[in-house]
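Structure data (mmCIF, C-alpha atoms) from data-v5.cif:
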```cif
data_coords
loop_
_atom_site.label_atom_id
_atom_site.label_comp_id
_atom_site.auth_asym_id
_atom_site.auth_seq_id
_atom_site.Cartn_x
_atom_site.Cartn_y
_atom_site.Cartn_z
CA MET A 1 147.48 108.19 134.67
CA SER A 2 149.84 108.44 137.60
CA ASP A 3 152.79 106.17 138.25
CA ASN A 4 150.49 104.29 140.63
CA ASN A 5 149.33 102.16 137.68
CA THR A 6 152.86 101.00 136.96
CA GLY A 7 153.10 99.13 140.21
CA ASP A 8 155.53 101.69 141.71
CA ASN A 9 153.13 102.31 144.60
CA ASN A 10 152.15 98.70 145.16
CA THR A 11 153.63 95.58 146.63
CA ASP A 12 155.09 93.43 143.92
CA THR A 13 156.93 90.15 143.56
CA SER A 14 159.74 89.88 141.06
CA GLY A 15 161.26 87.00 139.22
CA ALA A 16 159.71 83.64 138.53
CA SER A 17 157.86 82.03 141.35
CA HIS A 18 156.00 79.07 142.77
CA ALA A 19 153.43 78.55 145.46
CA ALA A 20 154.75 78.45 148.99
CA SER A 21 152.80 76.63 151.66
CA ASN A 22 151.45 79.97 152.94
CA GLY A 23 149.98 80.91 149.53
CA ASP A 24 152.56 83.58 148.71
CA LEU A 25 154.56 83.41 145.52
CA VAL A 26 158.29 82.96 145.99
CA ARG A 27 161.09 83.25 143.48
CA ILE A 28 162.54 80.01 142.14
CA GLY A 29 164.72 81.38 139.37
CA HIS A 30 164.39 83.30 136.14
CA GLY A 31 162.42 81.45 133.49
CA ASP A 32 160.68 79.03 135.83
CA TYR A 33 156.89 79.20 135.69
CA LEU A 34 153.87 77.79 137.42
CA TYR A 35 152.15 75.38 135.06
CA TRP A 36 148.63 74.00 135.16
CA GLU A 37 149.81 71.05 137.28
CA ASP A 38 151.17 73.47 139.91
CA LEU A 39 147.95 75.44 140.31
CA GLN A 40 146.17 73.49 143.02
CA PRO A 41 143.40 74.89 145.24
CA SER A 42 144.95 77.64 147.34
CA THR A 43 144.82 81.40 147.83
CA PHE A 44 147.52 83.80 146.65
CA GLY A 45 148.11 87.35 147.85
CA LEU A 46 148.54 89.83 145.00
CA GLY A 47 149.77 92.91 146.83
CA GLU A 48 148.03 96.19 147.48
CA TYR A 49 147.14 99.39 145.70
CA THR A 50 146.27 102.94 146.80
CA PHE A 51 143.63 104.87 144.85
CA THR A 52 144.26 108.60 144.40
CA GLU A 53 141.70 111.29 143.61
CA GLN A 54 143.65 112.38 140.53
CA GLU A 55 143.74 108.86 139.16
CA ILE A 56 140.03 108.29 139.84
CA LEU A 57 139.21 111.53 137.97
CA GLU A 58 141.53 110.73 135.05
CA PHE A 59 140.30 107.17 134.55
CA ALA A 60 136.64 108.13 134.80
CA GLY A 61 137.12 111.17 132.57
CA ARG A 62 138.33 108.87 129.82
CA PHE A 63 136.26 105.74 130.36
CA ASP A 64 133.30 106.25 132.73
CA PRO A 65 132.35 109.95 132.91
CA GLN A 66 129.47 109.74 135.37
CA PRO A 67 129.13 112.62 137.89
CA PHE A 68 130.03 110.54 140.95
CA HIS A 69 133.31 109.55 139.23
CA VAL A 70 134.34 112.89 137.66
CA ASP A 71 132.89 115.76 139.74
CA PRO A 72 133.72 115.80 143.47
CA GLN A 73 131.15 118.52 144.20
CA ALA A 74 128.33 116.79 142.33
CA ALA A 75 129.36 113.47 143.89
CA GLU A 76 128.64 114.92 147.35
CA GLN A 77 124.97 115.27 146.37
CA ILE A 78 124.60 111.75 144.97
CA GLN A 79 123.86 108.53 146.89
CA PHE A 80 127.52 107.72 147.50
CA GLY A 81 128.21 110.96 149.39
CA GLY A 82 131.45 111.70 147.60
CA LEU A 83 133.75 110.81 144.76
CA ILE A 84 134.11 107.09 144.04
CA ALA A 85 136.20 105.12 141.58
CA SER A 86 134.58 103.58 138.54
CA GLY A 87 133.98 99.87 138.91
CA TRP A 88 135.94 99.43 135.68
CA HIS A 89 138.85 101.28 137.29
CA THR A 90 138.63 98.96 140.29
CA GLY A 91 138.59 95.94 137.97
CA SER A 92 141.58 97.32 136.05
CA VAL A 93 143.51 97.74 139.30
CA TYR A 94 142.72 94.13 140.18
CA MET A 95 143.90 92.98 136.75
CA GLY A 96 147.16 94.90 137.15
CA LEU A 97 147.86 93.25 140.50
CA TYR A 98 146.85 89.84 139.13
CA ALA A 99 149.04 90.14 136.03
CA ARG A 100 152.11 91.66 137.73
CA ASN A 101 152.07 89.44 140.79
CA PHE A 102 150.66 86.14 139.52
CA LEU A 103 149.95 85.65 135.81
CA ASN A 104 153.37 86.84 134.65
CA TYR A 105 154.90 83.98 136.65
CA THR A 106 152.71 81.32 135.11
CA ALA A 107 152.31 79.60 131.77
CA SER A 108 149.12 81.62 131.23
CA LEU A 109 147.39 81.20 127.88
CA GLY A 110 144.64 83.76 128.45
CA SER A 111 141.07 83.48 129.63
CA PRO A 112 137.76 82.77 127.93
CA GLY A 113 136.11 85.26 130.31
CA VAL A 114 134.47 85.61 133.68
CA GLU A 115 131.19 84.24 134.97
CA ASN A 116 130.49 86.71 137.75
CA LEU A 117 131.72 90.23 138.46
CA ARG A 118 130.51 92.40 141.34
CA TRP A 119 131.43 95.80 142.73
CA LEU A 120 130.34 95.33 146.34
CA ALA A 121 131.30 98.62 147.98
CA PRO A 122 132.48 102.04 146.78
CA VAL A 123 136.20 102.71 146.43
CA ARG A 124 137.19 106.24 147.44
CA PRO A 125 140.32 108.37 147.12
CA GLY A 126 142.91 107.18 149.62
CA ASP A 127 141.49 103.67 149.88
CA VAL A 128 144.11 100.94 149.98
CA VAL A 129 142.97 97.64 148.51
CA ARG A 130 144.70 94.28 148.62
CA GLY A 131 144.09 91.57 146.07
CA THR A 132 143.76 87.84 146.33
CA VAL A 133 143.09 85.06 143.88
CA GLU A 134 141.73 81.76 145.16
CA ILE A 135 142.11 78.75 142.92
CA VAL A 136 139.03 76.64 143.56
CA ARG A 137 139.50 73.82 141.06
CA SER A 138 141.14 72.85 137.79
CA GLN A 139 140.48 70.49 134.94
CA PRO A 140 142.45 69.31 131.93
CA SER A 141 141.40 70.58 128.55
CA GLY A 142 139.12 68.24 126.64
CA SER A 143 140.40 69.53 123.30
CA ASN A 144 144.08 70.34 123.80
CA PRO A 145 146.44 68.07 125.77
CA LYS A 146 148.93 70.94 126.17
CA ARG A 147 146.70 73.01 128.47
CA GLY A 148 144.27 72.95 131.35
CA THR A 149 141.72 75.29 132.88
CA VAL A 150 141.85 76.80 136.35
CA PHE A 151 138.71 78.18 138.02
CA PHE A 152 139.22 81.03 140.45
CA VAL A 153 137.60 83.59 142.74
CA SER A 154 139.27 87.00 142.88
CA GLN A 155 138.78 89.75 145.44
CA LEU A 156 139.89 93.22 146.41
CA VAL A 157 139.49 94.08 150.10
CA ASN A 158 139.93 97.61 151.43
CA GLN A 159 141.80 98.86 154.49
CA ASP A 160 138.68 98.25 156.62
CA ASP A 161 138.51 94.58 155.50
CA VAL A 162 135.45 95.29 153.33
CA VAL A 163 135.29 93.31 150.09
CA VAL A 164 134.91 95.95 147.35
CA PHE A 165 135.35 93.75 144.25
CA ARG A 166 134.69 90.06 143.59
CA MET A 167 135.04 88.13 140.36
CA GLU A 168 134.70 84.46 139.42
CA GLY A 169 136.37 83.27 136.28
CA ARG A 170 138.67 80.84 134.60
CA GLY A 171 142.04 80.87 132.93
CA MET A 172 143.87 78.57 130.58
CA PHE A 173 147.39 77.49 131.50
CA GLY A 174 150.02 75.48 129.69
CA ARG A 175 150.84 72.04 131.02
CA ARG A 176 154.39 71.16 131.94
CA THR A 177 153.87 67.77 130.31
CA PRO A 178 151.12 67.34 127.71
CA ALA A 179 148.50 64.76 128.58
CA THR A 180 148.55 61.46 126.76
CA ASN A 181 145.30 59.71 125.91
#
```
Is it possible to give me this structure as structure tokens?
Amino acid sequence: MSDNNTGDNNTDTSGASHAASNGDLVRIGHGDYLYWEDLQPSTFGLGEYTFTEQEILEFAGRFDPQPFHVDPQAAEQIQFGGLIASGWHTGSVYMGLYARNFLNYTASLGSPGVENLRWLAPVRPGDVVRGTVEIVRSQPSGSNPKRGTVFFVSQLVNQDDVVVFRMEGRGMFGRRTPATN
């Protein structure tokens, strides 16, 4: 894969962070994290990413070798009218933005999975996508007073403001102060 997957080609925040009133993450000092209590309904920008033809071909060649992902000439003859990124590649790009620019600044404890995942429009070489995560609600854990669950909607939107990827899911986050019952 190219250096694009390392975040070198993408916007990135660095250092620990917290939610600003505009939904961006801002640095508050090394070692400080967003905890479950901090993750209130809001939307966070995750930066952007540029897909390259080489990267689309490499990813698909390893993980999703369908003609419209691995053969530019064959892809011209198929319904998409040209080479497109694998949906799994698109999802992986989202996850990279989400981890680098949000999760790594939280007390994340993982995720039990997603409820809904959709690839809504093709992603082509040269497309620039920007990611967002919208926290829609949260609830304390019923089984562990040291964590809570956050429910979210994630999106990638291309340079033409077309939503190309949408996912609904949940994540578990550590609590700053364990609940007492």
| request: Pull the neighbourhood of (140.4, 91.1, 145.3) for me: all residues within 8 Å in file coordinates, counting all atoms listed in the file, as a PyMOL selection string. | output: chain A and resi 94+129-133+154-157+163-167
Name the residues in contact with Ser111 in chain A at a cut-off of 8 Å, using all atoms listed in the file, excluding same-chain residues fewer than 5 positions from it; report them as a PDB file with C-alpha atoms, in the frame of the given file.
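Listing of out_1.pdb after writing:
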```
ATOM      1  CA  ARG A 170     138.670  80.840 134.600  1.00  0.00           C
ATOM      2  CA  GLY A 171     142.040  80.870 132.930  1.00  0.00           C
ATOM      3  CA  MET A 172     143.870  78.570 130.580  1.00  0.00           C
TER       4      MET A 172
END
```
| query | Could you write out as a list in words the residues that the PyMOL selection byres ((chain A and resi 106) around 7) matches in the shown file? | reply |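 Checking the PyMOL selection byres ((chain A and resi 106) around 7) against this file, the residues are Tyr33, Leu34, Tyr35, Phe102, Leu103, Asn104, Tyr105, Ala107 and Ser108 of chain A.
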Which residues fall under the PyMOL selection byres ((chain A and resi 125) around 8) in this file, as a compact mmCIF listing (two decimals) with C-alpha atoms, in the coordinates of the input?
```txt
# COMPACT_ATOMS: atom_id res chain seq x y z
CA PHE A 51 143.63 104.87 144.85
CA THR A 52 144.26 108.60 144.40
CA GLU A 53 141.70 111.29 143.61
CA ILE A 56 140.03 108.29 139.84
CA LEU A 83 133.75 110.81 144.76
CA ILE A 84 134.11 107.09 144.04
CA ALA A 85 136.20 105.12 141.58
CA VAL A 123 136.20 102.71 146.43
CA ARG A 124 137.19 106.24 147.44
CA GLY A 126 142.91 107.18 149.62
CA ASP A 127 141.49 103.67 149.88
```
| task | Tell me, as an MDAnalysis selection string, which residues lie within 8 Å of Val93 in chain A, counting only C-alpha atoms; anything in the same chain fewer than 3 positions away does not count. | result | chainID A and resid 5 49 89:90 96:97
| said: Just to confirm, what's the straight-line distance from CA of Trp88 in chain A to CA of Phe44 in chain A in Å (one decimal)? | reply: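 Atom-to-atom, CA of Trp88 in chain A to CA of Phe44 in chain A, that is 22.3 Å.
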Output range 34-63 of chain A as a compact mmCIF listing (two decimals), in the coordinates of the input, making sure N, CA and C atoms are there.
```txt
# COMPACT_ATOMS: atom_id res chain seq x y z
N LEU A 34 154.91 78.67 136.91
CA LEU A 34 153.87 77.79 137.42
C LEU A 34 153.08 77.28 136.23
N TYR A 35 152.94 75.99 136.13
CA TYR A 35 152.15 75.38 135.06
C TYR A 35 150.82 74.91 135.63
N TRP A 36 149.95 74.45 134.75
CA TRP A 36 148.63 74.00 135.16
C TRP A 36 148.72 73.01 136.31
N GLU A 37 149.67 72.07 136.23
CA GLU A 37 149.81 71.05 137.28
C GLU A 37 150.13 71.66 138.65
N ASP A 38 150.77 72.82 138.65
CA ASP A 38 151.17 73.47 139.91
C ASP A 38 150.04 74.24 140.57
N LEU A 39 149.01 74.54 139.83
CA LEU A 39 147.95 75.44 140.31
C LEU A 39 146.84 74.66 140.99
N GLN A 40 147.11 74.25 142.20
CA GLN A 40 146.17 73.49 143.02
C GLN A 40 145.35 74.45 143.87
N PRO A 41 144.21 74.00 144.40
CA PRO A 41 143.40 74.89 145.24
C PRO A 41 144.21 75.53 146.37
N SER A 42 144.23 76.84 146.35
CA SER A 42 144.95 77.64 147.34
C SER A 42 144.63 79.10 147.07
N THR A 43 145.05 79.97 147.98
CA THR A 43 144.82 81.40 147.83
C THR A 43 146.17 82.10 147.77
N PHE A 44 146.29 83.04 146.84
CA PHE A 44 147.52 83.80 146.65
C PHE A 44 147.27 85.28 146.90
N GLY A 45 148.14 85.91 147.67
CA GLY A 45 148.11 87.35 147.85
C GLY A 45 148.71 88.03 146.63
N LEU A 46 148.11 89.14 146.21
CA LEU A 46 148.54 89.83 145.00
C LEU A 46 149.12 91.21 145.27
N GLY A 47 149.25 91.59 146.52
CA GLY A 47 149.77 92.91 146.83
C GLY A 47 148.65 93.90 147.06
N GLU A 48 149.04 95.17 147.20
CA GLU A 48 148.03 96.19 147.48
C GLU A 48 148.21 97.40 146.58
N TYR A 49 147.20 98.24 146.60
CA TYR A 49 147.14 99.39 145.70
C TYR A 49 146.41 100.53 146.39
N THR A 50 146.90 101.75 146.22
CA THR A 50 146.27 102.94 146.80
C THR A 50 145.64 103.77 145.69
N PHE A 51 144.35 104.03 145.81
CA PHE A 51 143.63 104.87 144.85
C PHE A 51 143.84 106.34 145.20
N THR A 52 144.13 107.16 144.20
CA THR A 52 144.26 108.60 144.40
C THR A 52 143.10 109.32 143.72
N GLU A 53 142.78 110.50 144.22
CA GLU A 53 141.70 111.29 143.61
C GLU A 53 142.03 111.61 142.16
N GLN A 54 143.26 112.03 141.90
CA GLN A 54 143.65 112.38 140.53
C GLN A 54 143.45 111.20 139.58
N GLU A 55 143.87 110.05 140.00
CA GLU A 55 143.74 108.86 139.16
C GLU A 55 142.28 108.48 138.93
N ILE A 56 141.46 108.57 139.98
CA ILE A 56 140.03 108.29 139.84
C ILE A 56 139.42 109.23 138.81
N LEU A 57 139.74 110.53 138.91
CA LEU A 57 139.21 111.53 137.97
C LEU A 57 139.69 111.28 136.55
N GLU A 58 140.98 110.97 136.39
CA GLU A 58 141.53 110.73 135.05
C GLU A 58 140.92 109.50 134.40
N PHE A 59 140.87 108.40 135.12
CA PHE A 59 140.30 107.17 134.55
C PHE A 59 138.85 107.40 134.15
N ALA A 60 138.07 107.93 135.07
CA ALA A 60 136.64 108.13 134.80
C ALA A 60 136.43 109.15 133.69
N GLY A 61 137.25 110.18 133.64
CA GLY A 61 137.12 111.17 132.57
C GLY A 61 137.28 110.55 131.20
N ARG A 62 138.11 109.55 131.10
CA ARG A 62 138.33 108.87 129.82
C ARG A 62 137.35 107.74 129.56
N PHE A 63 136.96 107.00 130.60
CA PHE A 63 136.26 105.74 130.36
C PHE A 63 134.89 105.59 131.03
```
